[in-house]
$ cat structure.cif   # mmCIF, C-alpha atoms and all ligand atoms
data_start
#
loop_
_atom_site.group_PDB
_atom_site.id
_atom_site.type_symbol
_atom_site.label_atom_id
_atom_site.label_comp_id
_atom_site.auth_asym_id
_atom_site.auth_seq_id
_atom_site.Cartn_x
_atom_site.Cartn_y
_atom_site.Cartn_z
ATOM 1 C CA MET A 1 -9.063 -20.261 26.689
ATOM 2 C CA SER A 2 -8.629 -18.624 23.287
ATOM 3 C CA LYS A 3 -5.803 -16.315 22.306
ATOM 4 C CA SER A 4 -5.809 -13.065 20.372
ATOM 5 C CA ALA A 5 -3.275 -10.480 19.319
ATOM 6 C CA PHE A 6 -2.559 -7.632 16.952
ATOM 7 C CA ALA A 7 0.564 -8.427 14.943
ATOM 8 C CA ALA A 8 2.229 -5.647 12.943
ATOM 9 C CA ILE A 9 4.048 -6.743 9.782
ATOM 10 C CA VAL A 10 6.903 -4.313 9.157
ATOM 11 C CA GLY A 11 9.934 -4.203 6.911
ATOM 12 C CA ARG A 12 11.546 -2.263 4.119
ATOM 13 C CA PRO A 13 9.690 -1.579 0.868
ATOM 14 C CA SER A 14 9.038 -4.661 -1.300
ATOM 15 C CA SER A 15 10.083 -7.147 1.375
ATOM 16 C CA GLY A 16 6.791 -8.981 0.760
ATOM 17 C CA LYS A 17 4.603 -7.753 3.647
ATOM 18 C CA SER A 18 1.371 -7.558 1.676
ATOM 19 C CA THR A 19 2.069 -10.867 -0.071
ATOM 20 C CA LEU A 20 2.476 -12.407 3.381
ATOM 21 C CA LEU A 21 -0.745 -10.862 4.658
ATOM 22 C CA ASN A 22 -2.685 -12.193 1.681
ATOM 23 C CA ALA A 23 -1.163 -15.658 1.975
ATOM 24 C CA LEU A 24 -2.033 -15.820 5.668
ATOM 25 C CA CYS A 25 -5.597 -14.598 5.112
ATOM 26 C CA GLY A 26 -6.150 -16.706 1.992
ATOM 27 C CA ALA A 27 -7.498 -13.752 0.012
ATOM 28 C CA LYS A 28 -6.383 -10.526 -1.601
ATOM 29 C CA VAL A 29 -6.624 -8.188 1.366
ATOM 30 C CA SER A 30 -3.743 -5.856 0.548
ATOM 31 C CA ILE A 31 -2.494 -4.943 -2.903
ATOM 32 C CA VAL A 32 0.853 -6.233 -4.161
ATOM 33 C CA SER A 33 3.215 -4.966 -6.849
ATOM 34 C CA PRO A 34 6.921 -5.047 -7.700
ATOM 35 C CA VAL A 35 7.050 -1.287 -7.117
ATOM 36 C CA PRO A 36 8.328 -0.163 -3.680
ATOM 37 C CA GLN A 37 5.837 1.749 -1.524
ATOM 38 C CA THR A 38 2.796 -0.011 -2.850
ATOM 39 C CA THR A 39 1.109 -0.021 0.553
ATOM 40 C CA ARG A 40 0.257 3.427 1.905
ATOM 41 C CA ASN A 41 -2.002 2.701 4.885
ATOM 42 C CA THR A 42 -2.279 0.149 7.634
ATOM 43 C CA VAL A 43 -4.354 -2.661 6.172
ATOM 44 C CA ARG A 44 -5.862 -5.155 8.578
ATOM 45 C CA GLY A 45 -6.170 -8.837 7.753
ATOM 46 C CA ILE A 46 -7.625 -11.317 10.185
ATOM 47 C CA VAL A 47 -6.686 -14.979 10.584
ATOM 48 C CA ASN A 48 -9.031 -17.170 12.600
ATOM 49 C CA ARG A 49 -8.015 -20.518 14.028
ATOM 50 C CA PRO A 50 -9.703 -22.769 16.570
ATOM 51 C CA ASP A 51 -7.066 -21.768 19.124
ATOM 52 C CA GLY A 52 -7.147 -18.025 18.508
ATOM 53 C CA GLN A 53 -7.308 -14.976 16.270
ATOM 54 C CA ILE A 54 -4.454 -12.879 14.939
ATOM 55 C CA VAL A 55 -5.238 -9.448 13.521
ATOM 56 C CA PHE A 56 -2.377 -8.576 11.180
ATOM 57 C CA LEU A 57 -1.486 -4.968 10.429
ATOM 58 C CA ASP A 58 0.175 -4.685 7.034
ATOM 59 C CA THR A 59 2.159 -1.460 6.869
ATOM 60 C CA PRO A 60 3.945 0.725 4.299
ATOM 61 C CA GLY A 61 7.576 -0.113 3.615
ATOM 62 C CA PHE A 62 10.021 1.526 6.008
ATOM 63 C CA HIS A 63 11.906 3.950 3.836
ATOM 64 C CA ILE A 64 14.485 6.600 4.635
ATOM 65 C CA SER A 65 13.502 9.929 3.155
ATOM 66 C CA GLU A 66 12.638 13.329 4.524
ATOM 67 C CA LYS A 67 9.950 14.083 1.941
ATOM 68 C CA LYS A 68 6.558 14.887 3.385
ATOM 69 C CA PHE A 69 4.882 11.945 1.689
ATOM 70 C CA ASN A 70 7.445 9.459 2.999
ATOM 71 C CA LEU A 71 7.383 10.898 6.495
ATOM 72 C CA LYS A 72 3.618 10.318 6.542
ATOM 73 C CA LEU A 73 4.155 6.703 5.516
ATOM 74 C CA ARG A 74 6.695 6.257 8.280
ATOM 75 C CA ASP A 75 4.184 7.671 10.800
ATOM 76 C CA VAL A 76 1.754 4.964 9.714
ATOM 77 C CA VAL A 77 4.365 2.323 10.569
ATOM 78 C CA THR A 78 5.094 3.917 13.937
ATOM 79 C CA ARG A 79 1.407 3.934 14.854
ATOM 80 C CA ALA A 80 0.929 0.312 13.828
ATOM 81 C CA LEU A 81 3.917 -0.643 15.988
ATOM 82 C CA ALA A 82 2.350 1.177 18.922
ATOM 83 C CA ASP A 83 -0.909 -0.760 18.415
ATOM 84 C CA ALA A 84 0.734 -4.157 18.084
ATOM 85 C CA ASP A 85 1.094 -6.905 20.694
ATOM 86 C CA ILE A 86 3.586 -8.751 18.501
ATOM 87 C CA VAL A 87 5.891 -7.557 15.713
ATOM 88 C CA VAL A 88 6.669 -9.569 12.583
ATOM 89 C CA TYR A 89 9.769 -8.066 10.995
ATOM 90 C CA LEU A 90 9.960 -9.217 7.401
ATOM 91 C CA ILE A 91 13.401 -9.288 5.781
ATOM 92 C CA ASP A 92 13.931 -9.832 2.082
ATOM 93 C CA ALA A 93 16.616 -12.540 2.140
ATOM 94 C CA THR A 94 17.531 -11.839 -1.489
ATOM 95 C CA ARG A 95 18.815 -8.350 -0.741
ATOM 96 C CA GLU A 96 21.884 -7.221 1.066
ATOM 97 C CA PRO A 97 21.008 -5.452 4.316
ATOM 98 C CA GLY A 98 21.965 -1.842 3.643
ATOM 99 C CA PRO A 99 21.218 1.468 5.391
ATOM 100 C CA GLU A 100 17.456 0.996 4.987
ATOM 101 C CA GLU A 101 17.495 -2.391 6.732
ATOM 102 C CA GLU A 102 19.705 -0.925 9.452
ATOM 103 C CA ALA A 103 17.216 1.913 9.980
ATOM 104 C CA MET A 104 14.360 -0.586 10.245
ATOM 105 C CA ALA A 105 16.262 -2.714 12.737
ATOM 106 C CA ALA A 106 17.166 0.405 14.745
ATOM 107 C CA ALA A 107 13.493 1.411 14.893
ATOM 108 C CA LEU A 108 12.680 -2.001 16.378
ATOM 109 C CA LYS A 109 15.447 -1.913 18.967
ATOM 110 C CA GLY A 110 13.916 -1.792 22.435
ATOM 111 C CA ILE A 111 10.372 -2.162 21.089
ATOM 112 C CA ARG A 112 9.371 -4.223 24.160
ATOM 113 C CA ARG A 113 7.059 -6.537 22.227
ATOM 114 C CA PRO A 114 7.703 -10.123 21.192
ATOM 115 C CA LEU A 115 9.581 -9.888 17.912
ATOM 116 C CA VAL A 116 9.596 -12.491 15.152
ATOM 117 C CA ALA A 117 12.097 -11.941 12.344
ATOM 118 C CA ALA A 118 10.817 -13.710 9.236
ATOM 119 C CA LEU A 119 13.389 -14.212 6.477
ATOM 120 C CA ASN A 120 11.298 -14.051 3.325
ATOM 121 C CA LYS A 121 11.732 -15.104 -0.320
ATOM 122 C CA ILE A 122 13.687 -18.262 0.529
ATOM 123 C CA ASP A 123 12.227 -19.780 -2.656
ATOM 124 C CA HIS A 124 14.301 -17.312 -4.715
ATOM 125 C CA ALA A 125 17.612 -18.335 -6.280
ATOM 126 C CA ASP A 126 19.292 -15.201 -4.861
ATOM 127 C CA ALA A 127 18.121 -15.788 -1.297
ATOM 128 C CA LEU A 128 20.845 -15.870 1.343
ATOM 129 C CA PRO A 129 18.992 -16.658 4.570
ATOM 130 C CA GLU A 130 22.292 -17.064 6.479
ATOM 131 C CA ARG A 131 23.268 -13.474 5.654
ATOM 132 C CA ALA A 132 19.876 -12.210 6.863
ATOM 133 C CA ALA A 133 20.081 -14.381 9.981
ATOM 134 C CA ALA A 134 23.542 -13.003 10.780
ATOM 135 C CA PHE A 135 22.203 -9.458 10.423
ATOM 136 C CA ILE A 136 19.371 -10.180 12.870
ATOM 137 C CA ALA A 137 21.708 -11.927 15.315
ATOM 138 C CA ALA A 138 23.891 -8.797 15.316
ATOM 139 C CA LYS A 139 21.150 -6.158 15.447
ATOM 140 C CA LEU A 140 18.201 -7.750 17.231
ATOM 141 C CA PRO A 141 19.486 -10.801 19.095
ATOM 142 C CA GLU A 142 16.225 -11.141 21.038
ATOM 143 C CA ALA A 143 14.212 -11.787 17.847
ATOM 144 C CA ARG A 144 12.935 -15.282 17.111
ATOM 145 C CA LEU A 145 13.960 -16.375 13.614
ATOM 146 C CA ILE A 146 11.911 -18.143 10.997
ATOM 147 C CA SER A 147 12.441 -18.689 7.244
ATOM 148 C CA ILE A 148 9.461 -18.354 4.939
ATOM 149 C CA SER A 149 8.296 -17.883 1.397
ATOM 150 C CA ALA A 150 5.185 -15.724 1.373
ATOM 151 C CA LEU A 151 4.868 -16.353 -2.355
ATOM 152 C CA GLU A 152 4.865 -20.140 -2.087
ATOM 153 C CA GLY A 153 3.265 -20.355 1.353
ATOM 154 C CA LYS A 154 6.311 -22.026 2.917
ATOM 155 C CA GLY A 155 6.726 -21.779 6.685
ATOM 156 C CA LEU A 156 3.416 -19.984 7.206
ATOM 157 C CA ASP A 157 1.806 -22.650 9.421
ATOM 158 C CA GLU A 158 4.868 -22.555 11.622
ATOM 159 C CA LEU A 159 4.744 -18.750 11.690
ATOM 160 C CA MET A 160 1.078 -18.868 12.750
ATOM 161 C CA ASP A 161 1.862 -21.445 15.464
ATOM 162 C CA ARG A 162 4.571 -19.182 16.828
ATOM 163 C CA LEU A 163 2.334 -16.114 16.806
ATOM 164 C CA ILE A 164 -0.540 -17.892 18.544
ATOM 165 C CA GLY A 165 2.046 -19.146 21.050
ATOM 166 C CA LEU A 166 3.164 -15.565 21.740
ATOM 167 C CA ALA A 167 -0.370 -14.101 21.824
ATOM 168 C CA PRO A 168 -1.959 -13.256 25.146
ATOM 169 C CA GLU A 169 -5.154 -14.976 26.202
ATOM 170 C CA GLY A 170 -8.226 -13.042 25.255
ATOM 171 C CA PRO A 171 -11.386 -13.018 23.175
ATOM 172 C CA ALA A 172 -11.430 -12.537 19.398
ATOM 173 C CA TRP A 173 -11.538 -8.934 18.203
ATOM 174 C CA TYR A 174 -13.592 -9.692 15.084
ATOM 175 C CA PRO A 175 -16.346 -12.200 14.248
ATOM 176 C CA GLY A 176 -14.917 -15.489 12.950
ATOM 177 C CA GLU A 177 -16.013 -14.973 9.342
ATOM 178 C CA TYR A 178 -14.101 -11.676 8.953
ATOM 179 C CA TYR A 179 -10.804 -11.597 7.106
ATOM 180 C CA THR A 180 -10.546 -7.817 6.783
ATOM 181 C CA ASP A 181 -12.327 -4.720 8.045
ATOM 182 C CA GLN A 182 -11.609 -2.388 5.130
ATOM 183 C CA GLU A 183 -14.332 -0.144 3.755
ATOM 184 C CA PRO A 184 -15.414 -1.138 0.225
ATOM 185 C CA VAL A 185 -14.626 2.361 -1.081
ATOM 186 C CA PHE A 186 -11.004 2.043 0.037
ATOM 187 C CA ARG A 187 -10.691 -1.529 -1.152
ATOM 188 C CA ILE A 188 -11.910 -0.676 -4.646
ATOM 189 C CA ALA A 189 -9.530 2.312 -4.871
ATOM 190 C CA GLU A 190 -6.636 0.059 -3.891
ATOM 191 C CA ILE A 191 -7.453 -2.538 -6.537
ATOM 192 C CA ILE A 192 -7.502 0.218 -9.168
ATOM 193 C CA ARG A 193 -4.148 1.493 -7.892
ATOM 194 C CA GLU A 194 -2.699 -2.004 -8.041
ATOM 195 C CA LYS A 195 -3.538 -2.268 -11.746
ATOM 196 C CA ILE A 196 -1.988 1.141 -12.370
ATOM 197 C CA LEU A 197 1.225 0.091 -10.597
ATOM 198 C CA ARG A 198 1.354 -3.104 -12.637
ATOM 199 C CA HIS A 199 0.852 -1.548 -16.046
ATOM 200 C CA THR A 200 2.507 1.827 -15.993
ATOM 201 C CA ARG A 201 6.139 2.706 -16.059
ATOM 202 C CA GLN A 202 8.652 4.187 -13.650
ATOM 203 C CA GLU A 203 7.481 7.722 -13.036
ATOM 204 C CA LEU A 204 3.851 6.954 -12.386
ATOM 205 C CA PRO A 205 3.479 4.798 -9.266
ATOM 206 C CA HIS A 206 4.329 7.422 -6.683
ATOM 207 C CA ALA A 207 2.578 10.193 -8.576
ATOM 208 C CA VAL A 208 -0.836 8.508 -8.500
ATOM 209 C CA PHE A 209 -3.670 8.468 -6.076
ATOM 210 C CA VAL A 210 -7.164 7.152 -6.601
ATOM 211 C CA ASP A 211 -9.969 9.329 -5.338
ATOM 212 C CA TYR A 212 -13.521 8.084 -4.799
ATOM 213 C CA THR A 213 -16.146 10.465 -6.185
ATOM 214 C CA ASP A 214 -19.520 8.698 -5.970
ATOM 215 C CA SER A 215 -21.491 5.523 -6.469
ATOM 216 C CA ARG A 216 -25.021 4.318 -6.986
ATOM 217 C CA LYS A 217 -26.866 1.022 -6.816
ATOM 218 C CA LEU A 218 -28.392 0.007 -10.121
ATOM 219 C CA GLY A 219 -31.729 -1.767 -10.543
ATOM 220 C CA ASP A 220 -30.070 -5.122 -11.206
ATOM 221 C CA GLY A 221 -28.281 -5.079 -7.838
ATOM 222 C CA SER A 222 -24.926 -4.020 -9.237
ATOM 223 C CA LEU A 223 -22.971 -0.985 -8.117
ATOM 224 C CA GLU A 224 -21.639 1.798 -10.309
ATOM 225 C CA ALA A 225 -18.668 3.454 -8.644
ATOM 226 C CA SER A 226 -16.793 6.506 -9.906
ATOM 227 C CA TYR A 227 -13.174 7.253 -9.133
ATOM 228 C CA ASP A 228 -10.750 9.946 -10.207
ATOM 229 C CA ILE A 229 -7.212 8.824 -10.881
ATOM 230 C CA VAL A 230 -5.103 11.807 -9.893
ATOM 231 C CA VAL A 231 -1.636 12.339 -11.358
ATOM 232 C CA GLU A 232 0.890 15.148 -11.102
ATOM 233 C CA ARG A 233 1.582 15.981 -14.739
ATOM 234 C CA PRO A 234 -0.308 16.079 -18.045
ATOM 235 C CA SER A 235 2.250 13.662 -19.569
ATOM 236 C CA GLN A 236 1.324 11.128 -16.872
ATOM 237 C CA LYS A 237 -2.310 11.584 -17.747
ATOM 238 C CA GLY A 238 -1.450 10.665 -21.321
ATOM 239 C CA ILE A 239 0.326 7.472 -20.227
ATOM 240 C CA LEU A 240 -2.621 6.447 -18.084
ATOM 241 C CA ILE A 241 -5.178 6.961 -20.777
ATOM 242 C CA GLY A 242 -3.052 5.237 -23.430
ATOM 243 C CA LYS A 243 -3.581 5.026 -27.167
ATOM 244 C CA ALA A 244 -7.272 5.587 -27.893
ATOM 245 C CA GLY A 245 -7.985 4.933 -24.213
ATOM 246 C CA SER A 246 -6.448 1.456 -24.276
ATOM 247 C CA MET A 247 -4.564 1.733 -20.974
ATOM 248 C CA ILE A 248 -7.412 3.097 -18.880
ATOM 249 C CA GLN A 249 -9.688 0.482 -20.379
ATOM 250 C CA LYS A 250 -7.296 -2.302 -19.408
ATOM 251 C CA ILE A 251 -7.034 -0.918 -15.865
ATOM 252 C CA ARG A 252 -10.816 -0.797 -15.594
ATOM 253 C CA GLN A 253 -11.382 -4.296 -16.959
ATOM 254 C CA GLU A 254 -8.738 -5.940 -14.778
ATOM 255 C CA SER A 255 -10.008 -4.089 -11.704
ATOM 256 C CA GLU A 256 -13.590 -5.161 -12.365
ATOM 257 C CA ALA A 257 -12.459 -8.776 -12.784
ATOM 258 C CA ASP A 258 -10.700 -8.697 -9.382
ATOM 259 C CA LEU A 259 -13.681 -7.031 -7.750
ATOM 260 C CA GLU A 260 -15.874 -9.845 -8.983
ATOM 261 C CA ASP A 261 -13.976 -12.194 -6.661
ATOM 262 C CA LEU A 262 -14.074 -9.816 -3.709
ATOM 263 C CA PHE A 263 -17.679 -8.600 -3.667
ATOM 264 C CA ASP A 264 -21.044 -10.389 -3.840
ATOM 265 C CA TYR A 265 -22.421 -7.910 -6.370
ATOM 266 C CA PRO A 266 -21.019 -6.776 -9.740
ATOM 267 C CA ILE A 267 -19.171 -3.450 -9.706
ATOM 268 C CA HIS A 268 -18.961 -1.221 -12.769
ATOM 269 C CA LEU A 269 -16.198 1.352 -12.612
ATOM 270 C CA ARG A 270 -16.184 4.811 -14.114
ATOM 271 C CA LEU A 271 -12.634 6.097 -14.174
ATOM 272 C CA GLN A 272 -11.497 9.629 -14.920
ATOM 273 C CA VAL A 273 -7.955 10.942 -14.966
ATOM 274 C CA ARG A 274 -7.270 14.300 -13.356
ATOM 275 C CA VAL A 275 -4.056 16.339 -12.966
ATOM 276 C CA ASP A 276 -3.161 17.896 -9.624
ATOM 277 C CA PRO A 277 0.524 18.909 -9.583
ATOM 278 C CA GLU A 278 0.582 19.580 -5.850
ATOM 279 C CA TRP A 279 -1.172 16.638 -4.268
ATOM 280 C CA ARG A 280 1.892 15.069 -2.664
ATOM 281 C CA ARG A 281 2.765 18.329 -0.962
ATOM 282 C CA ASP A 282 -0.790 19.192 0.064
ATOM 283 C CA ASP A 283 -1.250 18.572 3.810
ATOM 284 C CA LYS A 284 -5.005 18.245 3.598
ATOM 285 C CA ARG A 285 -4.810 15.722 0.791
ATOM 286 C CA LEU A 286 -2.204 13.676 2.600
ATOM 287 C CA GLU A 287 -4.318 13.768 5.775
ATOM 288 C CA LYS A 288 -7.211 12.268 3.830
ATOM 289 C CA LEU A 289 -5.086 9.773 1.983
ATOM 290 C CA ILE A 290 -2.571 8.423 4.471
ATOM 291 C CA TYR A 291 -3.881 7.753 7.949
HETATM 292 N N1 LIG B 1 10.248 -14.825 -4.893
HETATM 293 C C1 LIG B 1 9.465 -14.265 -3.985
HETATM 294 N N2 LIG B 1 8.917 -13.042 -4.248
HETATM 295 C C2 LIG B 1 8.128 -12.499 -3.287
HETATM 296 C C3 LIG B 1 7.861 -13.158 -2.055
HETATM 297 N N3 LIG B 1 7.065 -12.346 -1.326
HETATM 298 C C4 LIG B 1 6.843 -11.242 -2.079
HETATM 299 N N4 LIG B 1 7.468 -11.336 -3.273
HETATM 300 C C5 LIG B 1 7.462 -10.338 -4.364
HETATM 301 O O1 LIG B 1 8.008 -9.123 -3.890
HETATM 302 C C6 LIG B 1 7.362 -7.989 -4.507
HETATM 303 C C7 LIG B 1 6.845 -7.047 -3.446
HETATM 304 O O2 LIG B 1 5.795 -7.696 -2.751
HETATM 305 P P1 LIG B 1 4.794 -6.886 -1.801
HETATM 306 O O3 LIG B 1 4.018 -7.918 -1.037
HETATM 307 O O4 LIG B 1 4.034 -5.865 -2.558
HETATM 308 O O5 LIG B 1 5.849 -6.197 -0.827
HETATM 309 P P2 LIG B 1 5.566 -5.127 0.342
HETATM 310 O O6 LIG B 1 6.574 -5.382 1.396
HETATM 311 O O7 LIG B 1 4.137 -5.188 0.741
HETATM 312 O O8 LIG B 1 5.886 -3.765 -0.408
HETATM 313 P P3 LIG B 1 5.476 -2.240 0.019
HETATM 314 O O9 LIG B 1 4.005 -2.240 0.313
HETATM 315 O O10 LIG B 1 5.799 -1.480 -1.200
HETATM 316 O O11 LIG B 1 6.333 -1.907 1.189
HETATM 317 C C8 LIG B 1 6.261 -8.581 -5.396
HETATM 318 O O12 LIG B 1 6.752 -8.635 -6.708
HETATM 319 C C9 LIG B 1 6.045 -9.966 -4.809
HETATM 320 O O13 LIG B 1 5.552 -10.903 -5.740
HETATM 321 C C10 LIG B 1 8.446 -14.458 -1.826
HETATM 322 O O14 LIG B 1 8.261 -15.121 -0.815
HETATM 323 N N5 LIG B 1 9.236 -14.934 -2.835
HETATM 324 MG MG MG B 2 2.697 -3.709 0.785
#
$ encode --input "structure.cif" --output "structure tokens"
Amino acid sequence: MSKSAFAAIVGRPSSGKSTLLNALCGAKVSIVSPVPQTTRNTVRGIVNRPDGQIVFLDTPGFHISEKKFNLKLRDVVTRALADADIVVYLIDATREPGPEEEAMAAALKGIRRPLVAALNKIDHADALPERAAAFIAAKLPEARLISISALEGKGLDELMDRLIGLAPEGPAWYPGEYYTDQEPVFRIAEIIREKILRHTRQELPHAVFVDYTDSRKLGDGSLEASYDIVVERPSQKGILIGKAGSMIQKIRQESEADLEDLFDYPIHLRLQVRVDPEWRRDDKRLEKLIY
């Protein structure tokens, strides 16, 4: 009999959730950056093995803030937890557990699902897995502990073995060749956002969203896709465009190069920068963007 389960990956911002998802799936499924709150939606990645299938739910970082935008992100985490059969709680072993980690642990208290606490970044010189393990022992003694490095792929086979072991018996949710179920339009927007997060400074990451406008198939089988990059202030628009358009060009070229690996057909991007000072406070926008 085969096994299958939905496993939510949760943890504070930048703990390495999306890096873990990608390492498990063997492909870029979810975007990664050093900037906290890179992930804004639940992103599904599927791992198929002869003995079962695990559907991972990568989630936004669990962050304490009462701002509308952050509350929406926290709702996404709550929903993923409700959907999950198993919870993988990822802890950044290089950081001291502070109020944010305590809030995450408190949210998982009494979750009534098998809980695996994965201590991540053990490859890093600053990692203190014992400190993280002591935190878990104090806050969530029922959790099973494992040490991993998502970046270097350490401990991931063991993590998979544990998850398959905890999964209920049941048929696969997705065909065996699937590793994600994301719509191309969303996936392309995320790749563009990843390049923006990588190349722009401080104020930009949280002020940006990438909005699909349209696309058309060209005669040679390629796709031309247009996106608006929306920012909150004219100064941010300037940063994004760069000197003589150098920044936006770099973002486009790097995105197209990534898309070449992800899609069977070439994708040409048309990027435009637009200013909308209110988007992060606009309910309708947030509804469309974070779900
Ligand atoms: N050294 C080391 N760095 C890691 C590891 N896993 C992730 N990182 C780094 O941590 C940073 C954040 O990684 P992400 O995967 O985007 O983290 P996340 O938890 O998805 O972040 P949010 O989506 O913002 O909540 C990136 O710079 C990663 O390269 C690891 O195992 N070791
Ligand atoms: Mg992420």
$ closest_residue --input "structure.cif" --among "A:Asp282, A:Asp51, A:Asp157, A:Asp92" --to "Ala132 in chain A" --atoms "all atoms listed in the file"
A:Asp92
$ resolve_selection --input "structure.cif" --expression "the PyMOL selection byres (((not hetatm)) within 7 of (chain B and resi 1))" --output "number ranges by chain"
A: 11-20, 31-40, 59-62, 120-124, 148-152
$ write_last_selection --input "structure.cif" --atoms "C-alpha atoms" --output "compact mmCIF listing (two decimals), in the frame of the given file"
# COMPACT_ATOMS: atom_id res chain seq x y z
CA GLY A 11 9.93 -4.20 6.91
CA ARG A 12 11.55 -2.26 4.12
CA PRO A 13 9.69 -1.58 0.87
CA SER A 14 9.04 -4.66 -1.30
CA SER A 15 10.08 -7.15 1.38
CA GLY A 16 6.79 -8.98 0.76
CA LYS A 17 4.60 -7.75 3.65
CA SER A 18 1.37 -7.56 1.68
CA THR A 19 2.07 -10.87 -0.07
CA LEU A 20 2.48 -12.41 3.38
CA ILE A 31 -2.49 -4.94 -2.90
CA VAL A 32 0.85 -6.23 -4.16
CA SER A 33 3.22 -4.97 -6.85
CA PRO A 34 6.92 -5.05 -7.70
CA VAL A 35 7.05 -1.29 -7.12
CA PRO A 36 8.33 -0.16 -3.68
CA GLN A 37 5.84 1.75 -1.52
CA THR A 38 2.80 -0.01 -2.85
CA THR A 39 1.11 -0.02 0.55
CA ARG A 40 0.26 3.43 1.90
CA THR A 59 2.16 -1.46 6.87
CA PRO A 60 3.94 0.72 4.30
CA GLY A 61 7.58 -0.11 3.62
CA PHE A 62 10.02 1.53 6.01
CA ASN A 120 11.30 -14.05 3.32
CA LYS A 121 11.73 -15.10 -0.32
CA ILE A 122 13.69 -18.26 0.53
CA ASP A 123 12.23 -19.78 -2.66
CA HIS A 124 14.30 -17.31 -4.72
CA ILE A 148 9.46 -18.35 4.94
CA SER A 149 8.30 -17.88 1.40
CA ALA A 150 5.18 -15.72 1.37
CA LEU A 151 4.87 -16.35 -2.36
CA GLU A 152 4.86 -20.14 -2.09
$ closest_atom_pairs --input "structure.cif" --of "range 138-211 of chain A" --to "range 268-279 of chain A" --cutoff "10 Å" --atoms "all atoms listed in the file" --output "CSV"
residue,atom,partner,partner_atom,distance
A:Ile188,CA,A:Leu269,CA,9.3
A:Ile192,CA,A:Leu271,CA,9.3
A:Ala207,CA,A:Trp279,CA,8.6
A:Val208,CA,A:Trp279,CA,9.2
A:Phe209,CA,A:Trp279,CA,8.7
A:Val210,CA,A:Val273,CA,9.2
A:Asp211,CA,A:Gln272,CA,9.7
$ residues_around --input "structure.cif" --residues "Phe135 in chain A" --least-positions-apart "2" --cutoff "10 Å" --atoms "all atoms listed in the file" --output "list of chain:residue names"
A:Ile91, A:Glu96, A:Pro97, A:Glu101, A:Glu102, A:Ala105, A:Pro129, A:Glu130, A:Arg131, A:Ala132, A:Ala133, A:Ala137, A:Ala138, A:Lys139, A:Leu140, A:Pro141
$ closest_residue --input "structure.cif" --among "A:Leu156, A:Ile239, A:Ala189, A:Leu115" --to "Arg144 in chain A" --atoms "only C-alpha atoms"
A:Leu115
$ axis_aligned_box --input "structure.cif" --around "range 12-31 of chain A" --padding-each-side "6 Å" --output "lines of an AutoDock Vina configuration file"
center_x = 2.0
center_y = -9.1
center_z = 1.4
size_x = 31.0
size_y = 27.1
size_z = 20.6
$ resolve_selection --input "structure.cif" --expression "the PyMOL selection byres (((chain A and resi 203) around 12) and not hetatm)" --output "VMD selection string"
chain A and resid 35 196 to 197 199 to 202 204 to 208 231 to 233 235 to 237 239 to 240
$ write_last_selection --input "structure.cif" --atoms "C-alpha atoms" --output "JSON list (two decimals), in the coordinates of the input"
[["chain", "number", "residue", "atom", "x", "y", "z"],
["A", 35, "VAL", "CA", 7.05, -1.29, -7.12],
["A", 196, "ILE", "CA", -1.99, 1.14, -12.37],
["A", 197, "LEU", "CA", 1.23, 0.09, -10.60],
["A", 199, "HIS", "CA", 0.85, -1.55, -16.05],
["A", 200, "THR", "CA", 2.51, 1.83, -15.99],
["A", 201, "ARG", "CA", 6.14, 2.71, -16.06],
["A", 202, "GLN", "CA", 8.65, 4.19, -13.65],
["A", 204, "LEU", "CA", 3.85, 6.95, -12.39],
["A", 205, "PRO", "CA", 3.48, 4.80, -9.27],
["A", 206, "HIS", "CA", 4.33, 7.42, -6.68],
["A", 207, "ALA", "CA", 2.58, 10.19, -8.58],
["A", 208, "VAL", "CA", -0.84, 8.51, -8.50],
["A", 231, "VAL", "CA", -1.64, 12.34, -11.36],
["A", 232, "GLU", "CA", 0.89, 15.15, -11.10],
["A", 233, "ARG", "CA", 1.58, 15.98, -14.74],
["A", 235, "SER", "CA", 2.25, 13.66, -19.57],
["A", 236, "GLN", "CA", 1.32, 11.13, -16.87],
["A", 237, "LYS", "CA", -2.31, 11.58, -17.75],
["A", 239, "ILE", "CA", 0.33, 7.47, -20.23],
["A", 240, "LEU", "CA", -2.62, 6.45, -18.08]]
$ residues_around --input "structure.cif" --residues "range 163-174 of chain A" --least-positions-apart "4" --cutoff "6 Å" --atoms "all atoms listed in the file" --output "PyMOL selection string"
chain A and resi 2-5+53
$ atom_distance --input "structure.cif" --atom1 "CA of Ala7 in chain A" --atom2 "CA of Asn22 in chain A"
14.2 Å
$ residues_around --input "structure.cif" --residues "Asp181 in chain A" --least-positions-apart "2" --cutoff "8 Å" --atoms "only C-alpha atoms" --output "CSV table (one decimal) with C-alpha atoms, in the coordinates of the input"
chain,number,residue,atom,x,y,z
A,44,ARG,CA,-5.9,-5.2,8.6
A,45,GLY,CA,-6.2,-8.8,7.8
A,178,TYR,CA,-14.1,-11.7,9.0
A,179,TYR,CA,-10.8,-11.6,7.1
A,183,GLU,CA,-14.3,-0.1,3.8
$ atom_distance --input "structure.cif" --atom1 "CA of Val43 in chain A" --atom2 "CA of Ser255 in chain A"
18.8 Å
$ closest_residue --input "structure.cif" --among "A:Asp283, A:Ile54, A:Lys28, A:Lys68" --to "ligand MG 2 (chain B)" --atoms "all atoms listed in the file"
A:Lys28
$ closest_residue --input "structure.cif" --among "A:Leu73, A:Leu81, A:Ile267, A:Leu119" --to "ligand MG 2 (chain B)" --atoms "only C-alpha atoms and all ligand atoms"
A:Leu73
$ atom_distance --input "structure.cif" --atom1 "CA of Arg49 in chain A" --atom2 "CA of Glu158 in chain A"
13.3 Å
$ closest_residue --input "structure.cif" --among "A:Gly153, A:Phe6, A:Glu100, A:Ser30" --to "ligand MG 2 (chain B)" --atoms "only C-alpha atoms and all ligand atoms"
A:Ser30
